[in-house]
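Okay, so here's the structure we're looking at.
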Amino acid sequence: MTTPQTGATEYDTRIRRAEWLSSQHAFAAEFLDFYKHVAAFQKMLGANIAASSGVKSVGPFTVELRAPLDFTVLLPHFRGFLSTIEQHAPAALAKAAHQMSLLPSDSWIASLEAYWQHAGKYDQQVGAFAQFLPRAFLQPYAEFRATLMPRAPMVVTVRVCPLCAARPLMGVLRVEGDSGKRFLLCSFCSQEWEFRRIHCPTCGEEAEGKLPVYVAEQLPHIRVEACDTCKFFITGVDLTKDGHAIPLVDDLATIPLTLWAHEKGYSRLQPNLLGT
């Protein structure tokens, strides 16, 4: 499994990529401009989590990634996070953040714990919009915890994340030799693991004719990787076509592809941070 950096430099890279994509694709500018504020907060929170931890490494298989949350580190930052969302989010999400800010801290803890234990692992009735607040707030914590975990044994074509058992958010095609190697990016802890190219991550379909790939003219390096057997899809970022892409960020600009896929009857396995 590969381990992307999740320190300040990584967040800065994400913000710069969001700025560039926003300047190039007007249809995604509102989402991407909002995401820049989210990522700036996540950068600050991630730095505080790392500074407060004092943990350098974790011995093999001694700690689970989803071990109980450390609210002494997290909770002092949650009101500031809600304020950031209230100031910069689209109206409906800003209202949700304001309503959450009026609740007692016990309600905050319950919401964060529920997301931390179950997100990405089960089919939930809670939609992507309702999950946004705990998901965006806890993403830096999940990524930090993942960097402390021992690497899982390399088993190709595992359909859930070997570290946290969450479902994949998307695929990533990375340059290897004269072609590319496929990885899946975890929807919870943002780690990657190797995955076969002709294989559905939802149902395991292997027939190439039942695994169509669609590309939009506006975003030639981003693909809809669909399955005609289970009717689910994931997006895929092809780094062999655009080596500057940041998968987690470029995925936020896939609105036309997502709408197209839904019109064709496909459902996304896991929505991205902004629910698309």
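Just so we're on the same page: first chain in the structure tokens is A, next is B, and so on; residues restart at 1 for each chain, and ligands are numbered from 1 in the order they show up.
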
Per residue of segment 75-164 of chain A within 8 Å of segment 6-28 of chain A, what are the shortest atom pair and its distance in Å to one decimal, counting only C-alpha atoms, with rows by chain and residue number, as JSON lines?
```
{"residue": "A:Pro140", "atom": "CA", "partner": "A:Thr6", "partner_atom": "CA", "distance": 7.7}
{"residue": "A:Glu143", "atom": "CA", "partner": "A:Thr6", "partner_atom": "CA", "distance": 6.6}
{"residue": "A:Phe144", "atom": "CA", "partner": "A:Thr6", "partner_atom": "CA", "distance": 6.9}
```

Those same residues, written as a short mmCIF file (atom, residue, chain, number, x, y, z; two decimals), in the first residue's frame with all heavy atoms?
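After the write, selection-v2.cif holds the following:
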```cif
data_model
loop_
_atom_site.label_atom_id
_atom_site.label_comp_id
_atom_site.auth_asym_id
_atom_site.auth_seq_id
_atom_site.Cartn_x
_atom_site.Cartn_y
_atom_site.Cartn_z
N PRO A 140 -8.47 14.75 8.52
CA PRO A 140 -7.04 14.86 8.91
C PRO A 140 -6.66 13.86 10.00
O PRO A 140 -5.52 13.36 10.01
CB PRO A 140 -6.92 16.31 9.42
CG PRO A 140 -8.07 17.03 8.82
CD PRO A 140 -9.18 16.03 8.73
N GLU A 143 -6.30 10.41 8.33
CA GLU A 143 -5.08 10.35 7.53
C GLU A 143 -3.85 10.26 8.43
O GLU A 143 -2.89 9.53 8.13
CB GLU A 143 -5.00 11.57 6.62
CG GLU A 143 -6.06 11.55 5.52
CD GLU A 143 -5.98 12.76 4.60
OE1 GLU A 143 -5.26 13.72 4.93
OE2 GLU A 143 -6.64 12.73 3.54
N PHE A 144 -3.85 11.01 9.53
CA PHE A 144 -2.73 10.96 10.46
C PHE A 144 -2.61 9.58 11.09
O PHE A 144 -1.51 9.01 11.17
CB PHE A 144 -2.90 12.01 11.55
CG PHE A 144 -1.84 11.94 12.63
CD1 PHE A 144 -0.55 12.36 12.38
CD2 PHE A 144 -2.15 11.43 13.87
CE1 PHE A 144 0.44 12.28 13.37
CE2 PHE A 144 -1.18 11.34 14.87
CZ PHE A 144 0.11 11.77 14.61
#
```

Give one line per residue of segment 42-113 of chain A that approaches segment 30-36 of chain A to at most 12 Å, naming the two atoms of the closest pair and their distance in Å to one decimal, counting only C-alpha atoms; sort by chain then ascending residue number and deliver it as a tab-separated table.
```
residue	atom	partner	partner_atom	distance
A:Gln42	CA	A:Lys36	CA	9.7
A:Lys43	CA	A:Lys36	CA	10.4
A:Thr84	CA	A:Phe34	CA	9.9
A:Ile85	CA	A:Phe34	CA	8.6
A:Glu86	CA	A:Phe34	CA	10.9
A:Gln87	CA	A:Phe34	CA	9.8
A:His88	CA	A:Phe34	CA	6.1
A:Ala89	CA	A:Phe34	CA	6.0
A:Pro90	CA	A:Phe34	CA	8.0
A:Ala91	CA	A:Phe34	CA	11.6
A:Leu93	CA	A:Phe34	CA	11.0
A:Ala94	CA	A:Phe34	CA	11.1
```

Selected residues written out, N, CA, C and O atoms, as an mmCIF file, in the first residue's frame:
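out-v6.cif was written with the following content:
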```cif
data_model
loop_
_atom_site.group_PDB
_atom_site.id
_atom_site.type_symbol
_atom_site.label_atom_id
_atom_site.label_comp_id
_atom_site.auth_asym_id
_atom_site.auth_seq_id
_atom_site.Cartn_x
_atom_site.Cartn_y
_atom_site.Cartn_z
ATOM 1 N N GLN A 42 -8.309 22.020 7.496
ATOM 2 C CA GLN A 42 -7.760 20.686 7.711
ATOM 3 C C GLN A 42 -6.244 20.730 7.889
ATOM 4 O O GLN A 42 -5.681 19.972 8.691
ATOM 5 N N LYS A 43 -5.577 21.600 7.164
ATOM 6 C CA LYS A 43 -4.131 21.753 7.312
ATOM 7 C C LYS A 43 -3.788 22.168 8.737
ATOM 8 O O LYS A 43 -2.892 21.603 9.370
ATOM 9 N N THR A 84 -16.030 28.011 10.210
ATOM 10 C CA THR A 84 -15.466 28.056 8.858
ATOM 11 C C THR A 84 -16.498 27.619 7.824
ATOM 12 O O THR A 84 -16.660 28.258 6.776
ATOM 13 N N ILE A 85 -17.210 26.549 8.120
ATOM 14 C CA ILE A 85 -18.225 26.053 7.187
ATOM 15 C C ILE A 85 -19.373 27.051 7.072
ATOM 16 O O ILE A 85 -19.863 27.331 5.972
ATOM 17 N N GLU A 86 -19.775 27.606 8.188
ATOM 18 C CA GLU A 86 -20.890 28.558 8.172
ATOM 19 C C GLU A 86 -20.551 29.795 7.337
ATOM 20 O O GLU A 86 -21.407 30.351 6.644
ATOM 21 N N GLN A 87 -19.284 30.198 7.364
ATOM 22 C CA GLN A 87 -18.867 31.394 6.630
ATOM 23 C C GLN A 87 -18.713 31.160 5.135
ATOM 24 O O GLN A 87 -18.945 32.071 4.336
ATOM 25 N N HIS A 88 -18.313 29.956 4.732
ATOM 26 C CA HIS A 88 -17.889 29.759 3.346
ATOM 27 C C HIS A 88 -18.708 28.739 2.555
ATOM 28 O O HIS A 88 -18.555 28.687 1.331
ATOM 29 N N ALA A 89 -19.539 27.952 3.209
ATOM 30 C CA ALA A 89 -20.263 26.886 2.502
ATOM 31 C C ALA A 89 -21.472 27.426 1.751
ATOM 32 O O ALA A 89 -21.978 28.514 2.055
ATOM 33 N N PRO A 90 -21.969 26.670 0.776
ATOM 34 C CA PRO A 90 -23.278 26.980 0.190
ATOM 35 C C PRO A 90 -24.339 27.039 1.284
ATOM 36 O O PRO A 90 -24.175 26.466 2.369
ATOM 37 N N ALA A 91 -25.454 27.704 0.992
ATOM 38 C CA ALA A 91 -26.437 28.071 2.018
ATOM 39 C C ALA A 91 -26.919 26.890 2.859
ATOM 40 O O ALA A 91 -26.967 26.977 4.093
ATOM 41 N N LEU A 93 -25.599 23.955 3.505
ATOM 42 C CA LEU A 93 -24.566 23.393 4.366
ATOM 43 C C LEU A 93 -24.181 24.373 5.467
ATOM 44 O O LEU A 93 -23.920 23.974 6.610
ATOM 45 N N ALA A 94 -24.162 25.667 5.146
ATOM 46 C CA ALA A 94 -23.882 26.684 6.159
ATOM 47 C C ALA A 94 -24.942 26.648 7.259
ATOM 48 O O ALA A 94 -24.637 26.775 8.450
#
```

Name the residues of segment 87-275 of chain A that fall into strand (DSSP E or B) according to DSSP on the backbone, using the chain letters and numbers of this document, as an MDAnalysis selection string. chainID A and resid 168:176 179:186 192:194 213:216 219:226 232:238 267:268

Pick out the residues sitting within 7 Å of Ala226 of chain A, and hand them over as JSON, numbers by chain; count only C-alpha atoms, and ignore anything fewer than 5 positions along from it in its own chain. {"A": [211, 212, 213, 231, 232, 233, 234]}

Please give the complete set of residues from segment 4-229 of chain A that DSSP, run on the backbone, assigns to alpha helix (DSSP H), formatted as a VMD selection string. chain A and resid 8 to 24 29 to 53 71 to 74 78 to 88 91 to 101 105 to 118 128 to 148

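Using only C-alpha atoms, the smallest distance between any of A:Gly120, A:His37, A:Asp238, A:Val73 and Glu176 of chain A comes from A:Asp238.
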
Write out as a ChimeraX atom specification each polymer residue whose atoms come within 8 Å of Asp251 of chain A, counting only C-alpha atoms; drop sequence neighbours fewer than 4 positions from it. /A:222,235,237,247,272

What lies within 8 Å of Ala136 of chain A using only C-alpha atoms, ignoring chain neighbours under 2 positions off, as a short mmCIF file (atom, residue, chain, number, x, y, z; two decimals) with all heavy atoms, in the first residue's frame?
```cif
data_model
loop_
_atom_site.label_atom_id
_atom_site.label_comp_id
_atom_site.auth_asym_id
_atom_site.auth_seq_id
_atom_site.Cartn_x
_atom_site.Cartn_y
_atom_site.Cartn_z
N VAL A 38 -12.03 24.55 3.33
CA VAL A 38 -12.04 23.31 4.11
C VAL A 38 -10.62 22.77 4.27
O VAL A 38 -10.19 22.41 5.36
CB VAL A 38 -12.94 22.25 3.43
CG1 VAL A 38 -12.84 20.91 4.17
CG2 VAL A 38 -14.39 22.72 3.37
N GLN A 42 -8.31 22.02 7.50
CA GLN A 42 -7.76 20.69 7.71
C GLN A 42 -6.24 20.73 7.89
O GLN A 42 -5.68 19.97 8.69
CB GLN A 42 -8.13 19.77 6.55
CG GLN A 42 -9.61 19.42 6.49
CD GLN A 42 -9.95 18.56 5.29
OE1 GLN A 42 -9.34 18.68 4.23
NE2 GLN A 42 -10.93 17.68 5.44
N PHE A 132 -21.24 15.27 5.81
CA PHE A 132 -20.15 16.17 5.47
C PHE A 132 -19.42 16.69 6.70
O PHE A 132 -18.18 16.69 6.73
CB PHE A 132 -20.65 17.36 4.65
CG PHE A 132 -19.58 18.40 4.45
CD1 PHE A 132 -18.63 18.26 3.45
CD2 PHE A 132 -19.48 19.49 5.31
CE1 PHE A 132 -17.62 19.19 3.28
CE2 PHE A 132 -18.47 20.42 5.16
CZ PHE A 132 -17.54 20.28 4.14
N LEU A 133 -20.14 17.17 7.72
CA LEU A 133 -19.48 17.82 8.86
C LEU A 133 -18.52 16.87 9.58
O LEU A 133 -17.33 17.20 9.73
CB LEU A 133 -20.52 18.39 9.81
CG LEU A 133 -21.33 19.57 9.25
CD1 LEU A 133 -22.42 19.99 10.24
CD2 LEU A 133 -20.44 20.76 8.92
N PRO A 134 -18.95 15.68 10.02
CA PRO A 134 -17.97 14.79 10.67
C PRO A 134 -16.89 14.30 9.70
O PRO A 134 -15.74 14.14 10.10
CB PRO A 134 -18.82 13.64 11.20
CG PRO A 134 -20.07 13.68 10.41
CD PRO A 134 -20.32 15.12 10.09
N LEU A 138 -12.99 15.07 10.50
CA LEU A 138 -12.17 13.94 10.94
C LEU A 138 -11.19 13.44 9.89
O LEU A 138 -10.34 12.60 10.19
CB LEU A 138 -13.07 12.79 11.40
CG LEU A 138 -13.83 13.03 12.70
CD1 LEU A 138 -14.79 11.88 12.98
CD2 LEU A 138 -12.88 13.23 13.87
N GLN A 139 -11.29 13.92 8.67
CA GLN A 139 -10.39 13.44 7.62
C GLN A 139 -8.91 13.60 8.00
O GLN A 139 -8.13 12.65 7.83
CB GLN A 139 -10.68 14.16 6.31
CG GLN A 139 -9.90 13.60 5.13
CD GLN A 139 -10.29 14.26 3.82
OE1 GLN A 139 -10.27 15.49 3.70
NE2 GLN A 139 -10.67 13.46 2.84
N LEU A 273 -16.12 14.01 -0.83
CA LEU A 273 -16.34 14.86 0.34
C LEU A 273 -17.52 15.80 0.14
O LEU A 273 -18.29 16.07 1.08
CB LEU A 273 -15.06 15.68 0.62
CG LEU A 273 -15.11 16.60 1.84
CD1 LEU A 273 -15.26 15.79 3.12
CD2 LEU A 273 -13.85 17.47 1.90
#
```

Residue neighbourhood Leu102 of chain A, 12 Å, only C-alpha atoms, exclusion window fewer than 5 positions, as a PyMOL selection string: chain A and resi 79+82-83+95-97+107-108

Produce a file of the selected residues containing N, CA and C atoms, as an mmCIF file, in the first residue's frame.
```cif
data_model
loop_
_atom_site.group_PDB
_atom_site.id
_atom_site.type_symbol
_atom_site.label_atom_id
_atom_site.label_comp_id
_atom_site.auth_asym_id
_atom_site.auth_seq_id
_atom_site.Cartn_x
_atom_site.Cartn_y
_atom_site.Cartn_z
ATOM 1 N N ARG A 79 -15.734 23.836 17.127
ATOM 2 C CA ARG A 79 -16.525 25.057 16.944
ATOM 3 C C ARG A 79 -15.901 25.946 15.864
ATOM 4 N N LEU A 82 -16.906 24.518 12.547
ATOM 5 C CA LEU A 82 -18.286 24.864 12.195
ATOM 6 C C LEU A 82 -18.381 26.309 11.736
ATOM 7 N N SER A 83 -17.632 27.191 12.368
ATOM 8 C CA SER A 83 -17.630 28.591 11.961
ATOM 9 C C SER A 83 -17.086 28.758 10.547
ATOM 10 N N LYS A 95 -26.181 26.449 6.854
ATOM 11 C CA LYS A 95 -27.273 26.359 7.839
ATOM 12 C C LYS A 95 -27.097 25.136 8.731
ATOM 13 N N ALA A 96 -26.711 24.014 8.130
ATOM 14 C CA ALA A 96 -26.490 22.796 8.913
ATOM 15 C C ALA A 96 -25.377 22.997 9.934
ATOM 16 N N ALA A 97 -24.306 23.683 9.523
ATOM 17 C CA ALA A 97 -23.200 23.954 10.450
ATOM 18 C C ALA A 97 -23.659 24.864 11.589
ATOM 19 N N SER A 107 -23.717 16.132 21.775
ATOM 20 C CA SER A 107 -24.240 15.825 20.443
ATOM 21 C C SER A 107 -23.125 15.825 19.415
ATOM 22 N N TRP A 108 -22.172 16.738 19.563
ATOM 23 C CA TRP A 108 -21.016 16.761 18.651
ATOM 24 C C TRP A 108 -20.261 15.438 18.762
#
```

May I ask for the distance between atom CA of Leu148 of chain A and atom CA of Leu65 of chain A, given in Å to one decimal place? 8.5 Å

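Taking atom CA of His199 of chain A and atom CA of Tyr115 of chain A as endpoints, the distance between them is 28.6 Å.
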
Just the residues within 9 Å of Arg174 of chain A, please, counting only C-alpha atoms, with nothing from its chain fewer than 6 positions along; format it as a VMD selection string. chain A and resid 180 to 183 237 to 240 243

Separation of atom CA of Pro168 of chain A from atom CA of Ser53 of chain A, in Å and rounded to one decimal: 27.2 Å
